[in-house]
Amino acid sequence: MSPHANNSPTAAFHPTSIAQLLRRDDAHSRVRNFAVIDTTLREGEQFATAHFDTATKVAIARALDDFGVDYIEVSSPAASPQSRADCETIARLGLRAKVLTHVRCHMDDARIAVETGVAGVNVVIGTSSILRDFSHGKDMDYILRQATEVITFIKSRGLEVRFSSEDSFRSDLVDLLSLYRAVDKLGVHRVGVADTVGCADPRQVYDLVRTLRGVVSCDIECHFHDDTGCAIANAYAALEAGATHIDTCVLGIGERNGITPLGGLMARMYTAGREYITGKYRLPQLRALELLVADAVDVQVPFNNYVTGMCSFVHKAGIHSKAVLNNPATYEILRPEDFGVERTVAIGHRLTGWNAVKSRIAQLGLAGTLDDHAAKAITAHIKAASDARPLALDEVDAVIRGWSANVKAAQREVSEPELVVAEVAAVAATAEA
């Protein structure tokens, strides 16, 4: 437990805000009823430093399942012999989460995928003019014919199937909606919308998904890249508009700058429905999951990472510290204890306030010796000392304990003459008697 944690039962949490009170939920909103398709083992393999061996893939898959994601997507078994073997291994783990694989919209890939034991196959093909011209070179008529053949084949094997366009937000809207309508009639379980280059903003996402919701009857999956920093906001907007599934990666790893981070999505959705998120996902497992993946791709968890970053629940300014010590909800929209982490009120710096120092005095069991006047004096001492450099917690504690010792020594010096006078008076009284 952090020495500065506040676990007071009176520290009430009040998430309702004016913005929440004024905003109406869309009739199609799924912000409190959605599924996570984690693709760390597919999209995440495309991260610059990722190379997962079989044991690492199994460990990540089990950790994701323990956390509670609904689906786990793995790399195409057509990518390499080892990719196929790993896909089969993960499909046999007996996880609660459904295991999916991700393939090109091509019969060769589909034939391999259906033999791996996965629960479903995610099919994708580029639909923007730039990808049609410079990637696969096919027109929209060909794409529809190919999609029809692949989807029909996968469904004939009794597997779940999703069909997704690639580069959806740079595709022609009429072409896109016509294609989605056609595959919906074929009976796909989901259609996918992909912001492949991270160009979309939340308003564009809402408009497209809301329009699509009126065109198809199946579920809608969304995949957002984070090249321009909108991946989490776009995921939220998609759910507000009626999307049902969101793709994530642990720590947001993936091609280039990656996609919607699992932890970041949890934080965002927690503010919309705390009970839903805490009831469905094992949030205290998040940090261990992120550390596992960070180690696997040889990166550090960022200092400002959602929820689990080293600074996520550190309060420093004096005004902030005082308020948080009284009620954490003053400066926290997330409850750290729901995520298995702790808050810290930093006090060894020039911005510290005396209320924070007073709280530390109490935690050290010295409140009986050091009153408010002493706490303010100690605070002034810490501020002066930390103008040169911040003080570590043990240095702050040494200052507080030293101050307490001096106060106790001074009290003894005052009380000793009084004791002598009392003893003399007692002897005199005895002699008179």
# chains A, B, ... in the order shown; residues from 1 in each chain; ligands from 1

call {"tool": "residues_around", "arguments": {"residues": "range 388-405 of chain A", "least_positions_apart": "6", "cutoff": "9 Å", "atoms": "only C-alpha atoms", "output": "count of residues only"}}
result
17

call {"tool": "residues_around", "arguments": {"residues": "range 162-176 of chain A", "least_positions_apart": "4", "cutoff": "7 Å", "atoms": "only C-alpha atoms", "output": "PDB file with N, CA, C and O atoms, in the first residue's frame"}}
result
ATOM      1  N   VAL A 121     -13.430 -16.561 -38.501  1.00  0.00           N
ATOM      2  CA  VAL A 121     -12.435 -16.047 -39.444  1.00  0.00           C
ATOM      3  C   VAL A 121     -12.798 -14.604 -39.787  1.00  0.00           C
ATOM      4  O   VAL A 121     -13.942 -14.312 -40.173  1.00  0.00           O
ATOM      5  N   ASN A 122     -11.835 -13.721 -39.627  1.00  0.00           N
ATOM      6  CA  ASN A 122     -12.005 -12.314 -39.989  1.00  0.00           C
ATOM      7  C   ASN A 122     -11.385 -12.092 -41.365  1.00  0.00           C
ATOM      8  O   ASN A 122     -10.178 -12.290 -41.552  1.00  0.00           O
ATOM      9  N   VAL A 123     -12.210 -11.686 -42.312  1.00  0.00           N
ATOM     10  CA  VAL A 123     -11.800 -11.516 -43.708  1.00  0.00           C
ATOM     11  C   VAL A 123     -11.674 -10.027 -44.007  1.00  0.00           C
ATOM     12  O   VAL A 123     -12.516  -9.228 -43.593  1.00  0.00           O
ATOM     13  N   VAL A 124     -10.630  -9.654 -44.749  1.00  0.00           N
ATOM     14  CA  VAL A 124     -10.416  -8.238 -45.035  1.00  0.00           C
ATOM     15  C   VAL A 124      -9.916  -8.045 -46.459  1.00  0.00           C
ATOM     16  O   VAL A 124      -9.188  -8.886 -47.001  1.00  0.00           O
ATOM     17  N   ILE A 125     -10.324  -6.921 -47.058  1.00  0.00           N
ATOM     18  CA  ILE A 125      -9.793  -6.525 -48.364  1.00  0.00           C
ATOM     19  C   ILE A 125      -9.879  -5.006 -48.483  1.00  0.00           C
ATOM     20  O   ILE A 125     -10.818  -4.381 -47.978  1.00  0.00           O
ATOM     21  N   GLY A 126      -8.893  -4.410 -49.119  1.00  0.00           N
ATOM     22  CA  GLY A 126      -8.857  -2.963 -49.290  1.00  0.00           C
ATOM     23  C   GLY A 126      -9.932  -2.484 -50.248  1.00  0.00           C
ATOM     24  O   GLY A 126     -10.131  -3.076 -51.313  1.00  0.00           O
ATOM     25  N   THR A 127     -10.596  -1.404 -49.879  1.00  0.00           N
ATOM     26  CA  THR A 127     -11.678  -0.887 -50.715  1.00  0.00           C
ATOM     27  C   THR A 127     -11.455   0.544 -51.189  1.00  0.00           C
ATOM     28  O   THR A 127     -12.203   1.029 -52.049  1.00  0.00           O
ATOM     29  N   SER A 128     -10.466   1.239 -50.656  1.00  0.00           N
ATOM     30  CA  SER A 128     -10.213   2.611 -51.112  1.00  0.00           C
ATOM     31  C   SER A 128      -9.580   2.564 -52.496  1.00  0.00           C
ATOM     32  O   SER A 128      -8.948   1.578 -52.890  1.00  0.00           O
ATOM     33  N   SER A 129      -9.731   3.633 -53.227  1.00  0.00           N
ATOM     34  CA  SER A 129      -9.192   3.662 -54.586  1.00  0.00           C
ATOM     35  C   SER A 129      -7.674   3.526 -54.570  1.00  0.00           C
ATOM     36  O   SER A 129      -7.096   2.873 -55.450  1.00  0.00           O
ATOM     37  N   TYR A 180     -21.186  -3.566 -48.000  1.00  0.00           N
ATOM     38  CA  TYR A 180     -21.639  -4.008 -46.675  1.00  0.00           C
ATOM     39  C   TYR A 180     -23.057  -4.594 -46.741  1.00  0.00           C
ATOM     40  O   TYR A 180     -23.358  -5.606 -46.109  1.00  0.00           O
ATOM     41  N   VAL A 188     -23.103 -12.641 -42.848  1.00  0.00           N
ATOM     42  CA  VAL A 188     -21.912 -12.464 -42.009  1.00  0.00           C
ATOM     43  C   VAL A 188     -22.340 -12.106 -40.590  1.00  0.00           C
ATOM     44  O   VAL A 188     -23.410 -11.518 -40.381  1.00  0.00           O
ATOM     45  N   HIS A 189     -21.522 -12.463 -39.624  1.00  0.00           N
ATOM     46  CA  HIS A 189     -21.834 -12.135 -38.239  1.00  0.00           C
ATOM     47  C   HIS A 189     -21.528 -10.666 -37.930  1.00  0.00           C
ATOM     48  O   HIS A 189     -22.211 -10.046 -37.130  1.00  0.00           O
ATOM     49  N   ARG A 190     -20.502 -10.156 -38.593  1.00  0.00           N
ATOM     50  CA  ARG A 190     -20.110  -8.753 -38.392  1.00  0.00           C
ATOM     51  C   ARG A 190     -19.572  -8.183 -39.689  1.00  0.00           C
ATOM     52  O   ARG A 190     -18.963  -8.905 -40.493  1.00  0.00           O
ATOM     53  N   VAL A 191     -19.770  -6.900 -39.880  1.00  0.00           N
ATOM     54  CA  VAL A 191     -19.005  -6.162 -40.882  1.00  0.00           C
ATOM     55  C   VAL A 191     -18.006  -5.306 -40.128  1.00  0.00           C
ATOM     56  O   VAL A 191     -18.252  -4.881 -38.993  1.00  0.00           O
ATOM     57  N   GLY A 192     -16.867  -5.071 -40.764  1.00  0.00           N
ATOM     58  CA  GLY A 192     -15.816  -4.308 -40.104  1.00  0.00           C
ATOM     59  C   GLY A 192     -15.544  -2.980 -40.780  1.00  0.00           C
ATOM     60  O   GLY A 192     -15.544  -2.876 -42.018  1.00  0.00           O
ATOM     61  N   VAL A 193     -15.346  -1.970 -39.938  1.00  0.00           N
ATOM     62  CA  VAL A 193     -14.942  -0.639 -40.397  1.00  0.00           C
ATOM     63  C   VAL A 193     -13.529  -0.414 -39.897  1.00  0.00           C
ATOM     64  O   VAL A 193     -13.261  -0.563 -38.700  1.00  0.00           O
ATOM     65  N   ALA A 194     -12.621  -0.058 -40.797  1.00  0.00           N
ATOM     66  CA  ALA A 194     -11.215   0.084 -40.411  1.00  0.00           C
ATOM     67  C   ALA A 194     -10.670   1.443 -40.815  1.00  0.00           C
ATOM     68  O   ALA A 194     -10.697   1.802 -41.997  1.00  0.00           O
ATOM     69  N   ASP A 195     -10.187   2.174 -39.812  1.00  0.00           N
ATOM     70  CA  ASP A 195      -9.454   3.418 -40.088  1.00  0.00           C
ATOM     71  C   ASP A 195      -7.987   3.030 -40.182  1.00  0.00           C
ATOM     72  O   ASP A 195      -7.211   3.189 -39.240  1.00  0.00           O
ATOM     73  N   THR A 196      -7.603   2.525 -41.326  1.00  0.00           N
ATOM     74  CA  THR A 196      -6.319   1.860 -41.508  1.00  0.00           C
ATOM     75  C   THR A 196      -5.128   2.809 -41.367  1.00  0.00           C
ATOM     76  O   THR A 196      -4.048   2.390 -40.958  1.00  0.00           O
ATOM     77  N   VAL A 197      -5.313   4.070 -41.705  1.00  0.00           N
ATOM     78  CA  VAL A 197      -4.194   5.017 -41.624  1.00  0.00           C
ATOM     79  C   VAL A 197      -4.380   6.051 -40.521  1.00  0.00           C
ATOM     80  O   VAL A 197      -3.601   6.995 -40.410  1.00  0.00           O
ATOM     81  N   ALA A 200      -9.288   9.302 -39.551  1.00  0.00           N
ATOM     82  CA  ALA A 200     -10.651   9.676 -39.164  1.00  0.00           C
ATOM     83  C   ALA A 200     -10.688  10.433 -37.843  1.00  0.00           C
ATOM     84  O   ALA A 200      -9.820  10.255 -36.985  1.00  0.00           O
TER      85      ALA A 200
END

call {"tool": "select_by_dssp", "arguments": {"residues": "range 229-363 of chain A", "states": "strand (DSSP E)", "output": "list of chain:residue names"}}
result
A:His245, A:Ile246, A:Asp247, A:Thr248, A:Val314, A:His315, A:Thr344, A:Val345

call {"tool": "atom_distance", "arguments": {"atom1": "CA of Phe67 in chain A", "atom2": "CA of Leu286 in chain A"}}
result
7.0 Å

call {"tool": "closest_residue", "arguments": {"among": "A:Gly158, A:Pro77, A:Gly264, A:Gly279", "to": "Asn304 in chain A", "atoms": "only C-alpha atoms"}}
result
A:Gly264

call {"tool": "atom_distance", "arguments": {"atom1": "CA of His28 in chain A", "atom2": "CA of Ile232 in chain A"}}
result
19.0 Å

call {"tool": "atom_distance", "arguments": {"atom1": "CA of Tyr142 in chain A", "atom2": "CA of Pro81 in chain A"}}
result
28.9 Å

call {"tool": "select_by_dssp", "arguments": {"residues": "range 202-274 of chain A", "states": "helix (DSSP H, G or I)", "output": "MDAnalysis selection string"}}
result
chainID A and resid 202:213 231:241 250:252 262:272 274

call {"tool": "closest_residue", "arguments": {"among": "A:Ala323, A:Leu144, A:Val58, A:Val407", "to": "Val293 in chain A", "atoms": "only C-alpha atoms"}}
result
A:Val58

call {"tool": "residues_around", "arguments": {"residues": "Cys249 in chain A", "least_positions_apart": "6", "cutoff": "7 Å", "atoms": "only C-alpha atoms", "output": "list in words"}}
result
Asp38, Thr39, Thr40, Gly44, Ile259, Thr260, Pro261 and Leu262 of chain A

call {"tool": "closest_residue", "arguments": {"among": "A:Ile154, A:Ala317, A:Ala329, A:Cys199", "to": "Trp354 in chain A", "atoms": "only C-alpha atoms"}}
result
A:Ala317

call {"tool": "closest_residue", "arguments": {"among": "A:Glu149, A:Asp226, A:Asp295, A:Glu332", "to": "His320 in chain A", "atoms": "only C-alpha atoms"}}
result
A:Glu332
